[in-house]
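Below is entry_5.txt, holding compact mmCIF, C-alpha atoms.
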# COMPACT_ATOMS: atom_id res chain seq x y z
CA MET L 1 -2.68 -2.76 32.89
CA THR L 2 -0.76 0.30 31.75
CA THR L 3 2.39 -0.51 29.83
CA ASN L 4 5.45 1.26 31.18
CA HIS L 5 8.53 1.82 29.06
CA ARG L 6 11.93 2.49 30.61
CA ILE L 7 13.62 5.29 28.70
CA ALA L 8 17.24 6.38 29.04
CA LEU L 9 17.69 10.12 28.51
CA ILE L 10 21.09 11.41 27.40
CA PRO L 11 20.66 15.20 26.93
CA GLY L 12 24.34 15.62 26.03
CA ASP L 13 25.63 19.03 24.98
CA GLY L 14 24.45 22.40 23.74
CA ILE L 15 20.84 22.48 22.62
CA GLY L 16 20.50 18.78 23.37
CA THR L 17 19.63 19.76 26.93
CA GLU L 18 16.98 22.17 25.61
CA VAL L 19 15.15 19.92 23.12
CA LEU L 20 14.78 16.76 25.21
CA PRO L 21 12.39 18.32 27.79
CA PRO L 22 9.88 19.28 25.03
CA ALA L 23 10.11 15.73 23.68
CA GLN L 24 9.36 14.39 27.17
CA GLN L 25 6.36 16.73 27.49
CA VAL L 26 4.93 15.46 24.22
CA LEU L 27 5.62 11.83 25.11
CA ASP L 28 3.81 12.18 28.42
CA VAL L 29 0.78 13.82 26.79
CA VAL L 30 0.33 11.09 24.18
CA GLY L 31 1.14 8.40 26.75
CA ARG L 32 -1.79 9.46 28.92
CA ARG L 33 -4.05 9.53 25.90
CA HIS L 34 -3.03 6.12 24.59
CA GLY L 35 -2.75 4.25 27.87
CA PHE L 36 0.97 3.80 28.42
CA SER L 37 3.56 5.47 30.60
CA LEU L 38 7.25 6.17 30.38
CA SER L 39 9.77 6.25 33.20
CA TYR L 40 12.98 8.17 32.58
CA THR L 41 16.52 7.76 33.79
CA SER L 42 18.78 10.67 32.90
CA TYR L 43 22.54 10.41 32.30
CA ASP L 44 24.93 13.36 32.28
CA TRP L 45 27.18 11.85 29.62
CA SER L 46 28.57 14.71 27.57
CA CYS L 47 31.60 16.72 26.55
CA GLU L 48 31.33 18.55 29.86
CA ARG L 49 31.76 15.19 31.60
CA TYR L 50 34.71 14.45 29.32
CA LEU L 51 36.43 17.68 30.33
CA ARG L 52 35.71 16.97 33.99
CA GLU L 53 36.46 13.24 34.17
CA GLY L 54 38.30 12.31 30.98
CA ALA L 55 35.54 10.17 29.44
CA MET L 56 32.22 10.85 27.72
CA MET L 57 30.58 8.08 29.74
CA PRO L 58 31.70 5.69 32.48
CA ALA L 59 33.38 2.38 31.70
CA ASP L 60 30.16 0.50 32.49
CA GLY L 61 27.96 2.89 30.51
CA ILE L 62 26.72 0.29 28.04
CA ASP L 63 25.73 -2.00 30.89
CA GLN L 64 23.80 0.84 32.55
CA LEU L 65 21.67 1.18 29.41
CA ARG L 66 21.19 -2.51 28.72
CA ASP L 67 17.90 -2.95 30.61
CA LYS L 68 16.23 0.10 29.05
CA ASP L 69 13.55 -0.20 26.38
CA ALA L 70 14.94 2.71 24.35
CA ILE L 71 17.40 5.59 24.49
CA LEU L 72 16.51 9.21 23.66
CA LEU L 73 19.54 11.38 22.99
CA GLY L 74 19.77 15.16 22.58
CA ALA L 75 23.06 16.06 20.93
CA VAL L 76 26.79 15.58 21.42
CA GLY L 77 29.64 17.95 20.67
CA TYR L 78 31.13 21.11 22.10
CA PRO L 79 34.00 23.50 21.28
CA GLY L 80 37.22 22.41 22.92
CA VAL L 81 36.47 18.70 22.58
CA PRO L 82 37.45 17.23 19.19
CA ASP L 83 34.45 15.76 17.35
CA HIS L 84 36.08 12.36 16.98
CA VAL L 85 36.48 12.23 20.77
CA SER L 86 32.80 12.96 21.45
CA LEU L 87 31.55 10.65 18.70
CA TRP L 88 33.78 7.68 19.47
CA GLY L 89 33.39 8.19 23.19
CA LEU L 90 29.60 7.92 23.25
CA LEU L 91 27.50 7.52 20.10
CA ILE L 92 29.50 4.92 18.24
CA PRO L 93 30.05 2.65 21.27
CA ILE L 94 26.28 2.67 21.87
CA ARG L 95 25.45 2.00 18.23
CA ARG L 96 27.91 -0.87 18.01
CA GLY L 97 27.48 -2.25 21.50
CA PHE L 98 23.74 -2.61 20.89
CA ARG L 99 24.02 -3.69 17.22
CA GLN L 100 22.03 -0.67 16.03
CA TYR L 101 22.95 -1.38 12.44
CA VAL L 102 20.08 0.56 10.82
CA ASN L 103 20.17 4.34 10.92
CA LEU L 104 16.74 5.49 9.76
CA ARG L 105 16.24 9.09 8.66
CA PRO L 106 12.84 10.17 7.26
CA ILE L 107 12.57 13.46 5.40
CA ARG L 108 9.37 15.28 4.46
CA VAL L 109 8.59 18.68 3.03
CA PHE L 110 5.74 19.89 5.24
CA GLU L 111 3.05 22.30 4.18
CA GLY L 112 3.93 25.70 5.59
CA ILE L 113 7.69 25.26 5.19
CA ASP L 114 9.38 26.83 2.21
CA SER L 115 12.09 24.56 0.89
CA PRO L 116 15.13 26.34 -0.56
CA VAL L 117 14.69 23.98 -3.52
CA ARG L 118 12.00 25.11 -5.97
CA GLY L 119 11.01 21.58 -6.94
CA ALA L 120 10.55 20.37 -3.36
CA ARG L 121 6.83 20.75 -2.80
CA PRO L 122 4.79 19.78 0.27
CA GLY L 123 3.18 16.37 -0.01
CA GLU L 124 5.51 15.30 -2.82
CA VAL L 125 8.84 14.87 -1.03
CA ASP L 126 8.68 11.97 1.43
CA VAL L 127 11.95 10.06 1.56
CA VAL L 128 13.53 7.65 4.01
CA VAL L 129 17.30 7.22 3.99
CA VAL L 130 18.36 3.84 5.35
CA ARG L 131 21.99 4.14 6.38
CA GLU L 132 24.24 1.24 7.35
CA ASN L 133 25.28 2.24 10.86
CA THR L 134 27.99 0.02 12.31
CA GLU L 135 30.69 -0.64 9.70
CA GLY L 136 31.55 0.69 6.23
CA GLU L 137 33.72 3.76 6.04
CA TYR L 138 33.45 4.45 9.78
CA SER L 139 35.63 1.57 10.89
CA GLU L 140 38.30 1.49 13.57
CA VAL L 141 40.77 -0.26 11.29
CA GLY L 142 43.79 1.89 10.46
CA GLY L 143 46.23 4.15 12.20
CA ARG L 144 48.88 6.83 11.97
CA LEU L 145 52.63 6.47 11.68
CA HIS L 146 55.59 8.86 11.86
CA ARG L 147 53.56 11.50 13.66
CA GLY L 148 54.95 15.00 13.27
CA PHE L 149 57.54 14.05 10.66
CA PRO L 150 57.41 14.93 6.94
CA GLU L 151 56.61 11.32 6.03
CA GLU L 152 53.65 11.13 8.47
CA ILE L 153 50.95 8.79 7.18
CA ALA L 154 47.32 8.12 8.10
CA VAL L 155 45.52 4.95 6.98
CA GLN L 156 41.76 4.43 7.29
CA GLU L 157 40.21 1.17 6.12
CA ALA L 158 36.58 0.78 5.08
CA MET L 159 35.09 -2.53 6.23
CA PHE L 160 32.12 -4.05 4.40
CA THR L 161 30.96 -7.53 5.45
CA ARG L 162 28.46 -9.72 3.66
CA ALA L 163 26.42 -10.07 6.85
CA GLY L 164 26.49 -6.34 7.63
CA VAL L 165 25.52 -5.18 4.15
CA SER L 166 22.91 -7.90 3.59
CA ARG L 167 20.98 -7.18 6.79
CA VAL L 168 20.67 -3.46 6.11
CA LEU L 169 19.66 -4.16 2.50
CA ASP L 170 16.96 -6.56 3.67
CA TYR L 171 15.65 -3.91 6.04
CA ALA L 172 15.60 -1.29 3.26
CA PHE L 173 13.90 -3.55 0.71
CA THR L 174 11.29 -4.57 3.30
CA LEU L 175 10.62 -0.92 4.11
CA ALA L 176 10.31 -0.06 0.41
CA SER L 177 7.79 -2.88 -0.05
CA GLN L 178 5.67 -1.31 2.72
CA ARG L 179 5.91 2.20 1.27
CA GLY L 180 5.98 3.23 -2.39
CA GLY L 181 7.72 0.13 -3.70
CA ARG L 182 10.82 2.00 -4.93
CA LEU L 183 14.41 1.73 -3.71
CA THR L 184 17.57 3.52 -4.79
CA SER L 185 21.01 2.26 -3.80
CA ALA L 186 23.83 4.78 -3.38
CA THR L 187 27.14 3.56 -4.78
CA LYS L 188 30.47 4.73 -6.18
CA SER L 189 31.61 1.55 -7.88
CA ASN L 190 33.15 3.44 -10.80
CA GLY L 191 35.82 4.86 -8.52
CA ILE L 192 35.97 2.70 -5.37
CA VAL L 193 37.17 -0.56 -6.78
CA HIS L 194 36.54 -3.16 -4.07
CA THR L 195 33.90 -2.23 -1.50
CA MET L 196 31.38 -0.58 -3.79
CA PRO L 197 31.26 -3.34 -6.43
CA PHE L 198 30.78 -5.71 -3.47
CA TRP L 199 27.92 -3.51 -2.23
CA ASP L 200 26.36 -3.50 -5.73
CA GLN L 201 26.66 -7.28 -5.97
CA LEU L 202 24.82 -7.74 -2.68
CA VAL L 203 22.08 -5.29 -3.71
CA THR L 204 21.44 -7.41 -6.80
CA GLU L 205 21.42 -10.60 -4.74
CA ARG L 206 19.03 -9.30 -2.07
CA ALA L 207 16.72 -7.65 -4.62
CA ALA L 208 15.84 -11.11 -5.97
CA SER L 209 13.94 -11.77 -2.73
CA PHE L 210 11.82 -8.62 -3.21
CA PRO L 211 10.35 -8.79 -6.72
CA GLN L 212 7.63 -6.32 -5.72
CA VAL L 213 10.21 -3.55 -5.25
CA ALA L 214 11.48 -1.59 -8.24
CA TRP L 215 15.08 -0.60 -7.64
CA ASP L 216 17.97 1.22 -9.24
CA GLN L 217 21.39 2.45 -8.24
CA GLU L 218 23.02 5.87 -8.51
CA HIS L 219 26.58 7.00 -8.06
CA ILE L 220 26.75 9.14 -4.94
CA ASP L 221 27.84 12.32 -6.75
CA ALA L 222 24.98 12.13 -9.26
CA LEU L 223 22.57 11.12 -6.49
CA ALA L 224 23.47 14.20 -4.46
CA ALA L 225 22.64 16.36 -7.47
CA LYS L 226 19.34 14.55 -8.06
CA PHE L 227 18.34 14.97 -4.41
CA VAL L 228 18.31 18.69 -5.21
CA LEU L 229 17.02 18.57 -8.79
CA GLU L 230 14.39 15.79 -8.40
CA PRO L 231 13.72 15.26 -4.67
CA ALA L 232 10.20 13.91 -5.22
CA ARG L 233 11.59 11.06 -7.29
CA PHE L 234 12.90 9.11 -4.28
CA ASP L 235 11.13 6.83 -1.82
CA VAL L 236 13.65 4.67 0.07
CA VAL L 237 17.38 5.26 -0.38
CA VAL L 238 19.86 2.76 1.06
CA ALA L 239 23.46 3.74 1.54
CA SER L 240 26.69 2.93 3.31
CA ASN L 241 27.63 4.64 6.57
CA LEU L 242 29.38 7.66 5.04
CA PHE L 243 27.14 8.09 2.01
CA GLY L 244 23.97 7.79 4.10
CA ASP L 245 25.27 10.32 6.61
CA ILE L 246 25.88 12.93 3.92
CA LEU L 247 22.71 12.25 1.91
CA SER L 248 20.40 12.47 4.90
CA ASP L 249 21.73 15.88 5.96
CA LEU L 250 21.42 17.11 2.38
CA ALA L 251 17.84 15.85 2.24
CA ALA L 252 17.02 17.56 5.56
CA ALA L 253 18.27 20.85 4.12
CA VAL L 254 16.08 20.31 1.05
CA ALA L 255 13.14 19.87 3.43
CA GLY L 256 13.72 23.37 4.82
CA SER L 257 15.66 22.95 8.06
CA ILE L 258 17.96 20.40 9.61
CA GLY L 259 16.25 21.38 12.88
CA ILE L 260 13.24 19.28 11.90
CA ALA L 261 15.07 16.09 11.00
CA PRO L 262 14.86 12.99 13.24
CA ALA L 263 16.91 9.81 13.32
CA ALA L 264 16.61 6.31 14.71
CA ASN L 265 19.49 3.93 15.43
CA LEU L 266 17.70 0.59 15.31
CA ASN L 267 18.42 -2.90 16.44
CA PRO L 268 15.62 -4.44 14.37
CA GLU L 269 15.76 -7.77 16.21
CA ARG L 270 15.10 -5.90 19.50
CA ASP L 271 17.78 -7.86 21.31
CA PHE L 272 19.11 -4.52 22.56
CA PRO L 273 17.66 -1.05 23.09
CA SER L 274 17.49 1.26 20.09
CA MET L 275 18.48 4.92 20.23
CA PHE L 276 16.64 7.96 18.85
CA GLU L 277 18.14 11.40 18.27
CA PRO L 278 17.60 14.60 16.27
CA VAL L 279 20.02 15.15 13.43
CA HIS L 280 20.79 18.80 14.16
CA GLY L 281 23.73 18.43 16.55
CA SER L 282 24.56 20.55 19.58
CA ALA L 283 24.50 23.97 17.84
CA PRO L 284 26.74 25.74 20.39
CA ASP L 285 26.18 29.08 18.63
CA ILE L 286 22.57 29.22 19.91
CA ALA L 287 22.83 27.03 23.02
CA GLY L 288 21.40 28.55 26.17
CA GLN L 289 19.18 31.05 24.37
CA GLY L 290 15.99 28.99 24.44
CA ILE L 291 15.41 29.31 20.71
CA ALA L 292 16.27 25.81 19.46
CA ASN L 293 13.77 24.03 17.24
CA PRO L 294 12.42 21.06 19.24
CA LEU L 295 10.83 19.32 16.24
CA GLY L 296 13.79 17.05 15.48
CA ALA L 297 13.73 15.69 19.03
CA ILE L 298 9.93 15.45 19.07
CA TRP L 299 9.80 13.59 15.75
CA SER L 300 12.58 11.29 17.02
CA ALA L 301 10.41 10.61 20.08
CA ALA L 302 7.54 9.70 17.73
CA MET L 303 9.82 7.22 15.96
CA MET L 304 10.67 5.76 19.35
CA LEU L 305 6.99 5.22 20.13
CA ASP L 306 6.45 3.52 16.79
CA HIS L 307 9.38 1.21 17.54
CA LEU L 308 7.95 0.46 21.00
CA GLY L 309 4.64 -0.64 19.50
CA HIS L 310 2.51 2.52 19.63
CA PRO L 311 2.01 3.51 15.99
CA ALA L 312 -1.20 5.46 16.65
CA ALA L 313 0.52 7.60 19.27
CA ALA L 314 3.44 8.16 16.90
CA ARG L 315 1.07 9.23 14.12
CA GLY L 316 -0.62 11.63 16.52
CA ILE L 317 2.70 13.37 17.07
CA THR L 318 3.62 13.61 13.40
CA ASP L 319 0.11 14.82 12.56
CA ALA L 320 0.50 17.54 15.20
CA ILE L 321 3.85 18.52 13.70
CA ALA L 322 2.21 18.81 10.29
CA SER L 323 -0.67 20.84 11.77
CA VAL L 324 1.47 23.32 13.68
CA LEU L 325 3.46 24.02 10.52
CA ALA L 326 0.49 24.16 8.14
CA LYS L 327 -2.12 25.91 10.29
CA THR L 328 -0.17 28.35 12.47
CA ASP L 329 2.49 30.97 12.01
CA VAL L 330 4.40 29.86 15.11
CA ARG L 331 7.98 29.26 14.04
CA THR L 332 11.38 29.03 15.66
CA ARG L 333 14.19 31.15 14.27
CA ASP L 334 15.58 28.49 11.93
CA LEU L 335 12.16 28.43 10.23
CA GLY L 336 11.99 32.20 9.88
CA GLY L 337 10.01 32.92 13.04
CA THR L 338 10.56 34.37 16.49
CA ALA L 339 9.05 31.71 18.78
CA THR L 340 11.08 30.32 21.63
CA THR L 341 11.51 26.61 22.14
CA ALA L 342 8.91 26.70 24.93
CA GLU L 343 6.38 28.74 22.92
CA PHE L 344 6.66 26.40 19.97
CA THR L 345 6.29 23.34 22.19
CA ASP L 346 3.21 24.79 23.93
CA ARG L 347 1.51 25.41 20.59
CA LEU L 348 2.28 21.88 19.41
CA ILE L 349 0.86 20.40 22.62
CA GLU L 350 -2.31 22.46 22.18
CA LEU L 351 -2.80 20.82 18.79
CA LEU L 352 -2.17 17.39 20.32

The structure in this file should be written as structure tokens.
Amino acid sequence: MTTNHRIALIPGDGIGTEVLPPAQQVLDVVGRRHGFSLSYTSYDWSCERYLREGAMMPADGIDQLRDKDAILLGAVGYPGVPDHVSLWGLLIPIRRGFRQYVNLRPIRVFEGIDSPVRGARPGEVDVVVVRENTEGEYSEVGGRLHRGFPEEIAVQEAMFTRAGVSRVLDYAFTLASQRGGRLTSATKSNGIVHTMPFWDQLVTERAASFPQVAWDQEHIDALAAKFVLEPARFDVVVASNLFGDILSDLAAAVAGSIGIAPAANLNPERDFPSMFEPVHGSAPDIAGQGIANPLGAIWSAAMMLDHLGHPAAARGITDAIASVLAKTDVRTRDLGGTATTAEFTDRLIELL
């Protein structure tokens, strides 16, 4: 029997609506080849909906997604809607409602892509940033007082729990044991006096269960510099919510374009659907022109297939990505070319 996976599509805003159709095309091609199918349900949850109805998604939005096998998201954000409104109205409720506590962001320097960093050579830079995704610095604890007065104050509390930190560390150490056997922990315990020493303590505790993994820790400021100076040094990097967010975008830039970068929001226990999305955002400056790079969405779709139990199909997609970059001169504008989104997608599918 053919396995069918129920996929929720949330195109969102800007180029999100332009990069999800190419991802669907690729998914359907590899599905036919590997003997599975995907059925899609699309949701118009976006900033446009917010402006029209006052909410990014309906009150029962989480329940509408609950029976899906995975969620594929395009991008969220648009001028006129504050970023904290779009983020806290859609992405964060999904991540937290479905306990997607691992944000996984792989970064590679592909042959055929010139990194802006001289030391970032194809085949040598292959990093995965494991970001804690549901607590840390992005907590809801805090508030504002005396709004509009000279003594106005804003308080934001970072929340680190033993359970939350330990589970993402275990995931990162397990991943490192399956890859190159090296893990780096991002910290700032010299300046952040409570949460980061707690993070460091838990890294040491969890490392004892993974003697096969060599690990170290780096202060976030020095680590950011080393991502640029020595990008090939790193294998798996584990970081808190804020630090992982910043590091993964920096690493994507080192790889040559944030338009390539994928992300997975994982519930490793599979009690709830996981969500997959390109890192690039909605890019309103180029939206509607048909020139967006679809690779971030396509690579995210490959990560989704791997999560759903189709690793060979996922490898086929990433191999095709590597081939189209190494063996052709077809490039979207962010990669120095002139190809449209559709032209680039057609060439990739030919190689599939």

**Minimum-distance residue to Gly316 in chain L, chosen among L:Phe272, L:Phe344, L:Phe160, L:Trp299 (using all atoms listed in the file)** = L:Trp299

**Asked** Can you tell me, as a PyMOL selection string, what residues are no more than 9 Å from Ile62 in chain L when counting all atoms listed in the file, ignoring any on the same chain fewer than 4 positions away?
**Response** chain L and resi 57-58+66+93-94+97-98

**Prompt:** Trp215 in chain L: which residues within 6 Å, counting only C-alpha atoms, same-chain residues fewer than 3 positions away excluded, as a VMD selection string?
**Reply:** chain L and resid 182 to 184

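From CA of Arg96 in chain L back to CA of Val203 in chain L, the distance works out to 22.9 Å.
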
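Shortest atom-to-atom contact with Glu157 in chain L among L:Asp170, L:Asp271, L:Glu140, L:Asp245: L:Glu140, counting all atoms listed in the file.
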
**Request:** List every protein, DNA or RNA residue that has at least one atom no more than 12 Å from (25.5, 4.4, 6.4) in the file's coordinates, counting all atoms listed in the file, and write the result as a ChimeraX atom specification.
**Result:** /L:100-105,129-139,158-160,164-165,168-169,172,185-187,199,237-248,265

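Shortest atom-to-atom contact with Pro231 in chain L among L:Ser115, L:Gln289, L:Ser323, L:Gln201: L:Ser115, counting all atoms listed in the file.
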
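Using only C-alpha atoms, the smallest distance between any of L:Leu348, L:Met56, L:Leu266, L:Ala23 and Gly296 in chain L comes from L:Ala23.
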
**Near-range 69-75 of chain L list (6 Å; all atoms listed in the file; drop same-chain fewer than 6 positions) as a VMD selection string** = chain L and resid 6 to 13 16 20 273 to 277 281 to 282

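For the pair CA of Ala154 in chain L and CA of His84 in chain L, the interatomic distance is 14.9 Å.
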
**Asked** So how many Å separate CA of Val141 in chain L and CA of Ile153 in chain L, to one decimal?
**Response** 14.2 Å

**Request:** Just the residues within 9 Å of Thr3 in chain L, please, counting only C-alpha atoms, with nothing from its chain fewer than 2 positions along; format it as a PyMOL selection string.
**Result:** chain L and resi 1+5+35-38

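Closest to Asn190 in chain L among L:Gly290, L:Gly61, L:Ile220, L:Ala207 is L:Ile220, based on only C-alpha atoms.
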
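Closest approach to Phe227 in chain L among L:Val85, L:Ala261, L:Met196, L:Ala251: L:Ala251, based on all atoms listed in the file.
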